[in-house]
Amino acid sequence: MILTQRRICDEVQNGNIILDPFCVGQLNPNSYNYRLAPVIARRTGEGDTTNIQWEELTVGPEGFLLEPRRLYLGLTEEIIGSRRYTTTLLGRSSIGRLGLFLNVTADLGHVGSASRWTLELKVVQPLRIYPRMLIGQVAFWGNRGASIDYCGRYNGDLHWASSRDGSLGA
C-alpha cells in the first residue's frame, strides 16, 4: 500500500516519516518532491572500479551543466526516512523528459533508514541543474509482516557517499 498525500502529511506530523525540512507545497497525491543539495561529486578519470576518484563541486545560483557519459553523485537537501515505512526514491517525469536518469539502481530505502540520500545522476544530453531544485520524489509504502530496522553502511549519511562495497575495490 502506497501512502497518499494526506497520510504522508499526517505521518510526518506524528514522527513516523522523516522529511527534514518539510514543506506541504512539495506534496503530490502519492509522493513528496525532494530537492537537490548544492553539492555534487563528479567522477574523474577512466578505468575500472579499483581506483575511482571524485571531485566535489558546489552548484552555485548560475547552476551547473551536467555532461553526457559522466557519472555524478548528488545529494538530497532533505533528510528522508522512516522507522515505519519503506521509501522509494523516484525521478520526476518533468526532469526525466529532459534526459536525466536519477537513481536508476538505488531507489529502495529500508525501514529504519534516515539520511540525506546520495543520488546517481546521469544525462543523455547536456543539462543544467540548480541548487535546491525539485529533482525527484519519494514515495512511502506500508510493510506486511514484521520488519527489522536497517543498520547498513549508508544509514545516517549527511553527505554524498561513493560505493562502500569492498568487493569492488572502491
# chains A, B, ... in the order shown; residues from 1 in each chain; ligands from 1
$ residues_around --residues "range 21-23 of chain A" --least-positions-apart "5" --cutoff "9 Å" --atoms "only C-alpha atoms" --output "JSON list (two decimals) with N, CA and C atoms, in the first residue's frame"
[["chain", "number", "residue", "atom", "x", "y", "z"],
["A", 12, "VAL", "N", 4.26, 12.55, 8.92],
["A", 12, "VAL", "CA", 5.36, 13.49, 9.23],
["A", 12, "VAL", "C", 5.05, 14.17, 10.57],
["A", 77, "GLU", "N", 18.53, 17.47, -0.48],
["A", 77, "GLU", "CA", 18.56, 18.55, 0.50],
["A", 77, "GLU", "C", 17.92, 18.08, 1.81],
["A", 78, "GLU", "N", 16.88, 17.26, 1.68],
["A", 78, "GLU", "CA", 16.13, 16.78, 2.85],
["A", 78, "GLU", "C", 16.75, 15.49, 3.42],
["A", 79, "ILE", "N", 16.62, 15.35, 4.72],
["A", 79, "ILE", "CA", 16.84, 14.06, 5.36],
["A", 79, "ILE", "C", 15.52, 13.30, 5.17]]
$ residues_around --residues "Leu66 in chain A" --least-positions-apart "3" --cutoff "10 Å" --atoms "only C-alpha atoms" --output "ChimeraX atom specification"
/A:42,63,69-72,100,121-129
$ write_last_selection --atoms "C-alpha atoms" --output "compact mmCIF listing (two decimals), in the first residue's frame"
# COMPACT_ATOMS: atom_id res chain seq x y z
CA ARG A 42 31.89 14.22 -10.46
CA GLY A 63 23.65 26.23 -12.00
CA ARG A 69 28.93 9.99 -20.45
CA ARG A 70 29.89 11.16 -16.95
CA LEU A 71 28.67 9.94 -13.59
CA TYR A 72 27.73 12.45 -10.92
CA LEU A 100 18.21 12.96 -16.62
CA LEU A 121 22.90 11.40 -11.82
CA LYS A 122 23.45 10.58 -15.50
CA VAL A 123 22.29 12.59 -18.53
CA VAL A 124 21.81 11.73 -22.20
CA GLN A 125 22.30 15.35 -23.29
CA PRO A 126 23.82 18.39 -21.56
CA LEU A 127 21.52 19.52 -18.76
CA ARG A 128 21.85 22.42 -16.33
CA ILE A 129 20.93 21.70 -12.72
$ residues_around --residues "range 4-9 of chain A" --least-positions-apart "3" --cutoff "9 Å" --atoms "only C-alpha atoms" --output "VMD selection string"
chain A and resid 12 to 14 17 24 27 to 32 139 to 140
$ atom_distance --atom1 "CA of Glu62 in chain A" --atom2 "CA of Gly25 in chain A"
24.2 Å
$ residues_around --residues "range 84-98 of chain A" --least-positions-apart "6" --cutoff "8 Å" --atoms "only C-alpha atoms" --output "list of chain:residue names"
A:Asn16, A:Ile17, A:Asp107, A:Leu108, A:Gly109, A:His110, A:Val111, A:Gly112, A:Leu127, A:Ile135, A:Gly136, A:Gln137, A:Val138, A:Ala139, A:Phe140, A:Trp141, A:Gly142, A:Asn143
$ write_last_selection --atoms "C-alpha atoms" --output "PDB file, in the first residue's frame"
ATOM      1  CA  ASN A  16       6.627   8.271  11.671  1.00  0.00           C
ATOM      2  CA  ILE A  17       8.102   9.776   8.490  1.00  0.00           C
ATOM      3  CA  ASP A 107      15.901   3.597  -5.210  1.00  0.00           C
ATOM      4  CA  LEU A 108      14.901   1.477  -2.198  1.00  0.00           C
ATOM      5  CA  GLY A 109      15.133   2.815   1.351  1.00  0.00           C
ATOM      6  CA  HIS A 110      14.757   0.224   4.059  1.00  0.00           C
ATOM      7  CA  VAL A 111      12.675   0.630   7.197  1.00  0.00           C
ATOM      8  CA  GLY A 112      14.739   2.365   9.879  1.00  0.00           C
ATOM      9  CA  LEU A 127      21.518  19.520 -18.762  1.00  0.00           C
ATOM     10  CA  ILE A 135      14.682  16.917  -8.750  1.00  0.00           C
ATOM     11  CA  GLY A 136      12.873  13.775  -7.608  1.00  0.00           C
ATOM     12  CA  GLN A 137      10.090  12.365  -5.493  1.00  0.00           C
ATOM     13  CA  VAL A 138       9.871   9.899  -2.640  1.00  0.00           C
ATOM     14  CA  ALA A 139       7.000   7.501  -2.049  1.00  0.00           C
ATOM     15  CA  PHE A 140       6.245   5.675   1.205  1.00  0.00           C
ATOM     16  CA  TRP A 141       4.965   2.100   1.348  1.00  0.00           C
ATOM     17  CA  GLY A 142       3.338   0.104   4.126  1.00  0.00           C
ATOM     18  CA  ASN A 143       5.015  -3.196   5.009  1.00  0.00           C
TER      19      ASN A 143
END
$ closest_residue --among "A:Thr105, A:Ser82, A:Thr44, A:Thr58" --to "Gly15 in chain A" --atoms "only C-alpha atoms"
A:Ser82
